[in-house]
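**Student:** Contents of coords.tsv (TSV, C-alpha atoms and all ligand atoms):
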```
chain	number	residue	atom	x	y	z
A	1	MET	CA	15.06	-6.08	9.32
A	2	ARG	CA	15.76	-2.50	10.25
A	3	ASN	CA	19.05	-2.36	8.35
A	4	THR	CA	17.36	-3.36	5.13
A	5	GLN	CA	15.20	-0.21	5.02
A	6	ILE	CA	16.09	2.36	2.42
A	7	PHE	CA	15.21	5.99	3.06
A	8	LEU	CA	14.83	8.94	0.78
A	9	LYS	CA	17.62	11.39	1.53
A	10	ASP	CA	17.35	13.97	-1.21
A	11	ARG	CA	15.53	17.12	-0.03
A	12	ASN	CA	14.68	18.26	-3.55
A	13	ILE	CA	12.90	15.03	-4.37
A	14	MET	CA	11.08	15.19	-1.06
A	15	SER	CA	9.93	18.74	-1.86
A	16	LYS	CA	8.85	17.70	-5.33
A	17	ILE	CA	6.73	14.86	-3.90
A	18	VAL	CA	5.08	17.16	-1.37
A	19	ALA	CA	4.51	19.95	-3.93
A	20	SER	CA	2.88	17.59	-6.41
A	21	ALA	CA	0.43	16.49	-3.71
A	22	GLU	CA	-0.95	20.09	-3.74
A	23	LEU	CA	-1.86	19.82	-0.09
A	24	ASN	CA	-4.04	22.25	1.74
A	25	LYS	CA	-5.51	22.39	5.21
A	26	ASP	CA	-8.55	20.33	4.20
A	27	ASP	CA	-6.49	17.36	3.13
A	28	ILE	CA	-6.30	14.16	5.07
A	29	VAL	CA	-3.32	12.21	3.84
A	30	LEU	CA	-2.57	8.52	3.98
A	31	GLU	CA	1.09	7.57	3.93
A	32	ILE	CA	1.98	3.91	3.48
A	33	GLY	CA	5.35	2.86	4.85
A	34	SER	CA	6.22	6.00	6.79
A	35	GLY	CA	9.58	4.64	7.99
A	36	ASP	CA	11.32	7.08	10.31
A	37	GLY	CA	8.76	9.78	9.53
A	38	ARG	CA	10.82	12.09	7.34
A	39	LEU	CA	8.13	12.44	4.67
A	40	THR	CA	5.37	12.30	7.28
A	41	ARG	CA	6.68	15.51	8.83
A	42	GLU	CA	6.58	17.41	5.54
A	43	LEU	CA	3.08	16.16	4.83
A	44	ALA	CA	1.83	17.04	8.32
A	45	GLU	CA	3.05	20.61	7.93
A	46	LYS	CA	0.83	21.14	4.89
A	47	ALA	CA	-2.23	18.92	5.50
A	48	ALA	CA	-4.96	18.82	8.10
A	49	ARG	CA	-4.04	15.32	9.18
A	50	VAL	CA	-1.77	12.44	8.22
A	51	TYR	CA	-2.37	8.76	8.80
A	52	ALA	CA	1.04	7.11	8.67
A	53	VAL	CA	0.99	3.33	8.34
A	54	GLU	CA	4.21	1.55	9.22
A	55	ARG	CA	4.65	-2.17	9.77
A	56	ASP	CA	8.02	-2.08	11.49
A	57	LEU	CA	7.53	-1.40	15.18
A	58	ASN	CA	11.09	-0.13	15.73
A	59	LEU	CA	10.69	2.44	12.98
A	60	LEU	CA	7.27	3.39	14.23
A	61	ASP	CA	8.67	3.99	17.70
A	62	SER	CA	11.48	6.20	16.45
A	63	SER	CA	9.09	8.19	14.27
A	64	LYS	CA	6.79	8.60	17.26
A	65	ILE	CA	9.62	10.35	19.10
A	66	ALA	CA	10.73	12.37	16.08
A	67	LEU	CA	7.20	13.59	15.33
A	68	LYS	CA	5.95	14.01	18.88
A	69	GLU	CA	5.28	17.76	18.61
A	70	LEU	CA	3.03	17.23	15.58
A	71	LYS	CA	-0.51	16.80	16.82
A	72	ASN	CA	-2.02	15.98	13.44
A	73	VAL	CA	-0.17	12.72	12.79
A	74	GLU	CA	-1.78	9.39	13.55
A	75	LEU	CA	0.72	6.57	13.47
A	76	ILE	CA	-0.74	3.18	12.67
A	77	ASN	CA	1.32	0.09	13.31
A	78	ALA	CA	-0.01	-2.27	10.66
A	79	ASP	CA	0.57	-4.06	7.41
A	80	ALA	CA	-0.98	-1.73	4.82
A	81	LEU	CA	-2.38	-4.71	2.93
A	82	GLU	CA	-4.30	-5.96	5.95
A	83	ILE	CA	-6.13	-2.84	7.09
A	84	ASP	CA	-8.99	-0.84	5.64
A	85	PHE	CA	-7.71	2.59	4.71
A	86	PRO	CA	-9.42	5.30	6.81
A	87	GLU	CA	-12.57	6.51	5.05
A	88	ASP	CA	-11.84	10.22	5.38
A	89	VAL	CA	-8.55	10.15	3.45
A	90	THR	CA	-8.45	12.68	0.60
A	91	LYS	CA	-4.97	11.94	-0.82
A	92	ILE	CA	-2.40	9.18	-0.66
A	93	VAL	CA	1.25	10.21	-0.67
A	94	SER	CA	3.87	7.52	-0.15
A	95	ASN	CA	7.34	6.33	-0.78
A	96	LEU	CA	5.96	2.82	-1.04
A	97	PRO	CA	7.46	-0.41	0.22
A	98	TYR	CA	8.49	-1.84	-3.15
A	99	ALA	CA	7.95	-5.46	-2.16
A	100	ILE	CA	4.19	-4.87	-2.07
A	101	SER	CA	3.96	-2.62	-5.16
A	102	SER	CA	1.50	-4.79	-7.00
A	103	PRO	CA	-1.09	-5.58	-4.30
A	104	VAL	CA	-0.87	-2.15	-2.72
A	105	THR	CA	-1.44	-0.46	-6.10
A	106	THR	CA	-4.55	-2.56	-6.64
A	107	LYS	CA	-5.78	-1.58	-3.21
A	108	ILE	CA	-5.01	2.12	-3.80
A	109	VAL	CA	-6.75	2.12	-7.19
A	110	TYR	CA	-9.98	0.69	-5.77
A	111	PHE	CA	-9.81	3.18	-2.91
A	112	LEU	CA	-9.33	6.12	-5.31
A	113	ASN	CA	-12.09	4.86	-7.58
A	114	LYS	CA	-14.59	5.65	-4.83
A	115	ARG	CA	-13.12	9.15	-4.46
A	116	PRO	CA	-13.09	10.74	-7.91
A	117	ASN	CA	-11.64	14.04	-6.67
A	118	SER	CA	-8.69	12.47	-4.95
A	119	PHE	CA	-5.33	11.33	-6.27
A	120	ALA	CA	-2.17	9.57	-5.18
A	121	ILE	CA	1.51	10.52	-5.43
A	122	LEU	CA	3.53	7.35	-5.17
A	123	MET	CA	7.15	6.41	-5.39
A	124	TYR	CA	7.92	3.06	-7.00
A	125	GLN	CA	10.89	1.15	-8.21
A	126	LYS	CA	11.61	2.51	-11.71
A	127	GLU	CA	10.89	-0.75	-13.58
A	128	PHE	CA	7.53	-1.12	-11.91
A	129	GLY	CA	6.57	2.47	-12.66
A	130	GLU	CA	7.61	2.08	-16.28
A	131	ARG	CA	5.30	-0.91	-16.59
A	132	MET	CA	2.42	1.15	-15.21
A	133	LEU	CA	3.11	3.90	-17.77
A	134	SER	CA	3.89	1.66	-20.71
A	135	ILE	CA	1.92	2.00	-23.94
A	136	PRO	CA	0.90	-0.50	-26.65
A	137	GLY	CA	3.80	-1.87	-28.67
A	138	ILE	CA	6.35	-1.36	-25.90
A	139	ARG	CA	7.77	-4.51	-24.34
A	140	ASP	CA	6.69	-3.47	-20.84
A	141	TYR	CA	3.03	-3.07	-21.85
A	142	SER	CA	1.27	-5.54	-19.62
A	143	MET	CA	-1.81	-6.25	-17.55
A	144	LEU	CA	-0.47	-3.78	-15.00
A	145	SER	CA	-0.43	-1.03	-17.65
A	146	VAL	CA	-3.95	-1.91	-18.76
A	147	PHE	CA	-5.25	-1.99	-15.19
A	148	CYS	CA	-3.69	1.36	-14.27
A	149	GLN	CA	-4.65	3.13	-17.49
A	150	TYR	CA	-8.20	1.76	-17.52
A	151	THR	CA	-8.85	2.98	-13.99
A	152	CYS	CA	-6.67	6.09	-13.74
A	153	ASP	CA	-4.98	8.94	-15.52
A	154	ILE	CA	-1.36	8.24	-14.86
A	155	GLU	CA	1.50	10.66	-14.99
A	156	ARG	CA	5.25	10.55	-14.42
A	157	ILE	CA	6.17	13.21	-11.87
A	158	ILE	CA	9.92	12.62	-11.73
A	159	ASN	CA	12.57	9.94	-12.14
A	160	VAL	CA	14.62	9.45	-8.99
A	161	ASN	CA	18.21	8.33	-9.15
A	162	LYS	CA	19.27	5.64	-6.69
A	163	ALA	CA	21.86	8.06	-5.26
A	164	CYS	CA	18.94	9.97	-3.66
A	165	PHE	CA	18.53	7.16	-1.09
A	166	ARG	CA	20.49	5.95	1.91
A	167	PRO	CA	21.75	3.29	1.94
A	168	MET	CA	22.03	3.45	-1.84
A	169	PRO	CA	19.88	0.74	-3.43
A	170	SER	CA	20.73	-1.02	-6.68
A	171	VAL	CA	17.73	0.32	-8.57
A	172	ASP	CA	16.39	3.73	-9.58
A	173	SER	CA	12.94	4.95	-8.59
A	174	ILE	CA	10.12	6.98	-10.06
A	175	VAL	CA	7.33	9.14	-8.66
A	176	ILE	CA	3.95	8.66	-10.27
A	177	LYS	CA	0.62	10.43	-9.96
A	178	LEU	CA	-2.53	8.32	-10.15
A	179	SER	CA	-5.80	10.20	-10.63
A	180	PRO	CA	-8.92	8.04	-10.71
A	181	LYS	CA	-11.10	8.12	-13.81
A	182	ARG	CA	-14.81	8.50	-13.23
A	183	ILE	CA	-15.69	4.96	-14.16
A	184	THR	CA	-17.31	1.94	-12.62
A	185	ILE	CA	-14.62	-0.70	-12.74
A	186	ASP	CA	-15.90	-3.58	-14.87
A	187	GLU	CA	-14.54	-6.80	-13.37
A	188	GLY	CA	-15.58	-8.80	-16.41
A	189	PHE	CA	-13.41	-6.58	-18.59
A	190	LEU	CA	-10.46	-6.98	-16.25
A	191	ALA	CA	-10.90	-10.76	-16.22
A	192	PHE	CA	-10.95	-10.75	-20.04
A	193	CYS	CA	-7.75	-8.66	-20.17
A	194	ARG	CA	-6.04	-10.83	-17.56
A	195	ALA	CA	-6.87	-13.90	-19.65
A	196	ILE	CA	-5.60	-12.59	-22.98
A	197	PHE	CA	-2.52	-10.90	-21.50
A	198	GLN	CA	-1.32	-14.36	-20.46
A	199	HIS	CA	-0.71	-14.69	-24.20
A	200	LYS	CA	0.17	-11.10	-24.97
A	201	LYS	CA	2.61	-11.87	-27.81
A	202	LYS	CA	0.00	-13.89	-29.71
A	203	ASN	CA	-2.68	-12.45	-31.92
A	204	LEU	CA	-6.01	-11.76	-30.28
A	205	TYR	CA	-7.69	-14.71	-31.99
A	206	SER	CA	-5.19	-17.25	-30.63
A	207	ALA	CA	-5.07	-15.54	-27.25
A	208	ILE	CA	-8.84	-15.89	-26.90
A	209	LEU	CA	-8.82	-19.51	-28.03
A	210	ASP	CA	-5.93	-20.29	-25.69
A	211	SER	CA	-7.75	-18.82	-22.73
A	212	ARG	CA	-11.12	-20.28	-23.60
A	213	GLU	CA	-11.54	-21.96	-20.21
A	214	LYS	CA	-11.80	-18.43	-18.82
A	215	MET	CA	-14.42	-17.32	-21.36
A	216	ALA	CA	-18.16	-17.86	-21.01
A	217	LEU	CA	-18.12	-20.05	-24.08
A	218	HIS	CA	-15.76	-22.97	-23.80
A	219	THR	CA	-15.98	-25.22	-26.81
A	220	LYS	CA	-13.51	-24.45	-29.53
A	221	PRO	CA	-15.79	-24.81	-32.62
A	222	GLU	CA	-18.48	-22.64	-31.06
A	223	LEU	CA	-15.97	-20.05	-29.99
A	224	LYS	CA	-14.38	-20.00	-33.45
A	225	ALA	CA	-17.76	-19.54	-35.10
A	226	ARG	CA	-18.56	-16.54	-32.96
A	227	LEU	CA	-15.13	-14.99	-33.29
A	228	GLU	CA	-15.74	-14.90	-37.07
A	229	LYS	CA	-18.25	-12.17	-36.38
A	230	LEU	CA	-15.60	-9.86	-34.98
A	231	ASP	CA	-13.36	-7.57	-37.01
A	232	GLU	CA	-10.74	-9.76	-38.67
A	233	SER	CA	-7.97	-7.17	-38.59
A	234	PHE	CA	-8.42	-6.99	-34.82
A	235	MET	CA	-8.30	-10.76	-34.51
A	236	ARG	CA	-4.97	-10.85	-36.34
A	237	ARG	CA	-3.39	-8.11	-34.23
A	238	LYS	CA	-1.11	-9.07	-31.36
A	239	VAL	CA	-2.55	-8.55	-27.89
A	240	PHE	CA	0.17	-6.17	-26.71
A	241	LEU	CA	-0.65	-3.74	-29.53
A	242	PHE	CA	-4.15	-2.87	-28.31
A	243	GLU	CA	-5.05	0.38	-26.57
A	244	VAL	CA	-7.21	0.04	-23.47
A	245	ASP	CA	-10.19	1.66	-25.24
A	246	GLU	CA	-9.92	-0.80	-28.12
A	247	LEU	CA	-9.84	-3.69	-25.68
A	248	LEU	CA	-12.90	-2.30	-23.97
A	249	ASN	CA	-14.80	-2.14	-27.26
A	250	ILE	CA	-13.80	-5.68	-28.20
A	251	TYR	CA	-14.85	-6.90	-24.78
A	252	LYS	CA	-18.26	-5.25	-25.17
A	253	GLU	CA	-18.71	-6.92	-28.57
A	254	MET	CA	-17.73	-10.23	-27.06
A	255	VAL	CA	-20.27	-9.83	-24.27
A	256	LYS	CA	-22.95	-9.21	-26.91
A	257	LEU	CA	-21.88	-12.35	-28.73
A	258	GLY	CA	-22.02	-14.36	-25.52
A	259	ILE	CA	-18.28	-15.08	-25.57
A	260	CYS	CA	-17.50	-13.15	-22.43
A	261	GLN	CA	-19.41	-12.91	-19.21
A	262	LYS	CA	-20.57	-9.52	-18.09
A	301	LIG	N1	8.70	6.88	3.91
A	301	LIG	C1	10.07	6.57	4.21
A	301	LIG	C2	10.40	5.07	4.13
A	301	LIG	C3	10.05	4.36	2.87
A	301	LIG	S1	10.70	2.71	2.86
A	301	LIG	C4	10.97	7.42	3.32
A	301	LIG	O1	10.46	8.13	2.48
A	301	LIG	O2	12.18	7.36	3.43
A	301	LIG	C5	9.22	1.78	3.00
A	301	LIG	C6	8.71	1.62	4.41
A	301	LIG	O3	7.57	0.74	4.34
A	301	LIG	C7	9.65	0.97	5.40
A	301	LIG	O4	9.72	1.77	6.54
A	301	LIG	C8	9.01	-0.40	5.73
A	301	LIG	O5	9.21	-0.79	7.07
A	301	LIG	C9	7.55	-0.13	5.46
A	301	LIG	N2	6.76	-1.31	5.08
A	301	LIG	C10	7.16	-2.41	4.41
A	301	LIG	N3	6.13	-3.24	4.16
A	301	LIG	C11	5.04	-2.65	4.71
A	301	LIG	C12	3.65	-3.01	4.79
A	301	LIG	N4	3.21	-4.14	4.26
A	301	LIG	N5	2.81	-2.16	5.43
A	301	LIG	C13	3.26	-0.99	5.97
A	301	LIG	N6	4.55	-0.61	5.91
A	301	LIG	C14	5.43	-1.42	5.30
```
Spell out the structure here as structure tokens.
Ligand code: SAH

**Tutor:**
Amino acid sequence: MRNTQIFLKDRNIMSKIVASAELNKDDIVLEIGSGDGRLTRELAEKAARVYAVERDLNLLDSSKIALKELKNVELINADALEIDFPEDVTKIVSNLPYAISSPVTTKIVYFLNKRPNSFAILMYQKEFGERMLSIPGIRDYSMLSVFCQYTCDIERIINVNKACFRPMPSVDSIVIKLSPKRITIDEGFLAFCRAIFQHKKKNLYSAILDSREKMALHTKPELKARLEKLDESFMRRKVFLFEVDELLNIYKEMVKLGICQK
């Protein structure tokens, strides 16, 4: 288990991550997957407090020794997906465990949504980060892109070459900043997007018909009749070509027409 961990070695990248977190002595930082504590130390020097969550007990023990003189670090031996993040956290800064990228991003986004002044600086595997950043018309544009861009302003901080890690992994990485938008996350909208993105290469009309068991209105003739009322050029456009705002407007129309549940 321990040998499979990959650590960030490059000091410049580390500095860039810490600088982009814009930490000050009021900040309480959450770090997910603190490993041997190398990033934790840098964070603790700039912030008021750091909660460092690490699942691997061996790593946690070695970081406990390495960081023992730092009084503002709280090490938490836990699976980050299983715990509630501490309420007083102001920023999340992590070189994330890539295996949990998807669920941990969801969890982080909902956490940030309740803290509109906060943000997260997160390192991901490059491919995953590119999917988060992807725009309509690009192959990678997916439900993940829609979810991230609906809920957050998302920014590429820096691409990180695999040579910056030890042992050297087979993939490159990327550091991303997620800043929550001041919105109430509409679960109905997300459910609608999830349904149609199952058919993202089809046009919107077919995608809606093909996911009709997930719509409020199930029967095909009824659904077809109501879809006639929507803009035809939209209905003919492929799902992966829609901007998030366009999808949101279509969803609102569909709610009015009783096709989607609010
Ligand atoms: N922060 C360190 C290590 C990052 S590697 C650095 O920058 O080099 C990711 C770390 O996440 C590993 O130490 C791994 O043990 C830990 N990890 C993996 N899955 C986890 C989970 N579900 N919850 C908490 N930590 C986890």

**Student:** Point out the residue among A:Arg11, A:Leu23, A:Glu31, A:Arg182 with the least atom-to-atom distance to Val104 in chain A, counting all atoms listed in the file.

**Tutor:**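 Looking only at the distances to Val104 in chain A, the closest residue turns out to be A:Glu31.
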
**Student:** How big is the axis-aligned box around all listed atoms of ligand LIG 301 (chain A) once 6 Å goes on each side, and where's its centre, in Å to one decimal, as lines of an AutoDock Vina configuration file?

**Tutor:**
```
center_x = 7.5
center_y = 2.0
center_z = 4.8
size_x = 21.4
size_y = 24.3
size_z = 16.6
```

**Student:** Counting only C-alpha atoms, which of A:Thr219, A:Thr105, A:Thr184, A:Ser94 gets nearest to Thr40 in chain A?

**Tutor:**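 Counting only C-alpha atoms, the residue closest to Thr40 in chain A is A:Ser94.
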
**Student:** Counting only C-alpha atoms and all ligand atoms, what are the residues of chain A within 6 Å of ligand LIG 301 (chain A), and for each of them which pair of atoms is the nearest and at what distance in Å, to one decimal? Sort the table by chain and rising number, as JSON lines.

**Tutor:**
```
{"residue": "A:Gln5", "atom": "CA", "partner": "A:LIG301", "partner_atom": "C7", "distance": 5.7}
{"residue": "A:Ile6", "atom": "CA", "partner": "A:LIG301", "partner_atom": "S1", "distance": 5.4}
{"residue": "A:Phe7", "atom": "CA", "partner": "A:LIG301", "partner_atom": "O2", "distance": 3.3}
{"residue": "A:Leu8", "atom": "CA", "partner": "A:LIG301", "partner_atom": "O2", "distance": 4.1}
{"residue": "A:Ile32", "atom": "CA", "partner": "A:LIG301", "partner_atom": "C13", "distance": 5.6}
{"residue": "A:Gly33", "atom": "CA", "partner": "A:LIG301", "partner_atom": "O3", "distance": 3.1}
{"residue": "A:Ser34", "atom": "CA", "partner": "A:LIG301", "partner_atom": "N1", "distance": 3.9}
{"residue": "A:Gly35", "atom": "CA", "partner": "A:LIG301", "partner_atom": "O4", "distance": 3.2}
{"residue": "A:Leu39", "atom": "CA", "partner": "A:LIG301", "partner_atom": "O1", "distance": 5.4}
{"residue": "A:Val53", "atom": "CA", "partner": "A:LIG301", "partner_atom": "C13", "distance": 5.4}
{"residue": "A:Glu54", "atom": "CA", "partner": "A:LIG301", "partner_atom": "N6", "distance": 4.0}
{"residue": "A:Arg55", "atom": "CA", "partner": "A:LIG301", "partner_atom": "N6", "distance": 4.2}
{"residue": "A:Asp56", "atom": "CA", "partner": "A:LIG301", "partner_atom": "O5", "distance": 4.8}
{"residue": "A:Ala78", "atom": "CA", "partner": "A:LIG301", "partner_atom": "C13", "distance": 5.9}
{"residue": "A:Asp79", "atom": "CA", "partner": "A:LIG301", "partner_atom": "N5", "distance": 3.5}
{"residue": "A:Ala80", "atom": "CA", "partner": "A:LIG301", "partner_atom": "N5", "distance": 3.9}
{"residue": "A:Leu81", "atom": "CA", "partner": "A:LIG301", "partner_atom": "N4", "distance": 5.8}
{"residue": "A:Asn95", "atom": "CA", "partner": "A:LIG301", "partner_atom": "O1", "distance": 4.9}
{"residue": "A:Leu96", "atom": "CA", "partner": "A:LIG301", "partner_atom": "C5", "distance": 5.3}
{"residue": "A:Pro97", "atom": "CA", "partner": "A:LIG301", "partner_atom": "C5", "distance": 4.0}
```

**Student:** Please provide the set of residues having any atom within 12 Å of Val244 in chain A, restricted to all atoms listed in the file, with same-chain residues fewer than 5 positions apart removed, written as a CSV table (one decimal) with C-alpha atoms, in the coordinates of the input.

**Tutor:**
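What follows is the written file selection34.csv:
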```
chain,number,residue,atom,x,y,z
A,134,SER,CA,3.9,1.7,-20.7
A,135,ILE,CA,1.9,2.0,-23.9
A,136,PRO,CA,0.9,-0.5,-26.6
A,141,TYR,CA,3.0,-3.1,-21.8
A,142,SER,CA,1.3,-5.5,-19.6
A,143,MET,CA,-1.8,-6.2,-17.6
A,144,LEU,CA,-0.5,-3.8,-15.0
A,145,SER,CA,-0.4,-1.0,-17.6
A,146,VAL,CA,-4.0,-1.9,-18.8
A,147,PHE,CA,-5.2,-2.0,-15.2
A,148,CYS,CA,-3.7,1.4,-14.3
A,149,GLN,CA,-4.6,3.1,-17.5
A,150,TYR,CA,-8.2,1.8,-17.5
A,151,THR,CA,-8.8,3.0,-14.0
A,152,CYS,CA,-6.7,6.1,-13.7
A,189,PHE,CA,-13.4,-6.6,-18.6
A,190,LEU,CA,-10.5,-7.0,-16.2
A,192,PHE,CA,-11.0,-10.8,-20.0
A,193,CYS,CA,-7.8,-8.7,-20.2
A,239,VAL,CA,-2.6,-8.6,-27.9
A,249,ASN,CA,-14.8,-2.1,-27.3
A,250,ILE,CA,-13.8,-5.7,-28.2
A,251,TYR,CA,-14.8,-6.9,-24.8
```

**Student:** To one decimal place, how far is CA of Phe111 in chain A from CA of Ala66 in chain A in Å?

**Tutor:**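 Distance reported for this atom pair: 29.4 Å.
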
**Student:** Choose the residue, out of A:Asn203, A:Asn159, A:Gln198, A:Gln261, that has the smallest atom-to-atom separation from Leu217 in chain A; count all atoms listed in the file.

**Tutor:**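 Looking at the shortest contact to Leu217 in chain A, the residue is A:Gln261.
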
**Student:** Work out how far CA of Ile185 in chain A is from CA of Pro116 in chain A, in Å to one decimal.

**Tutor:** 12.5 Å
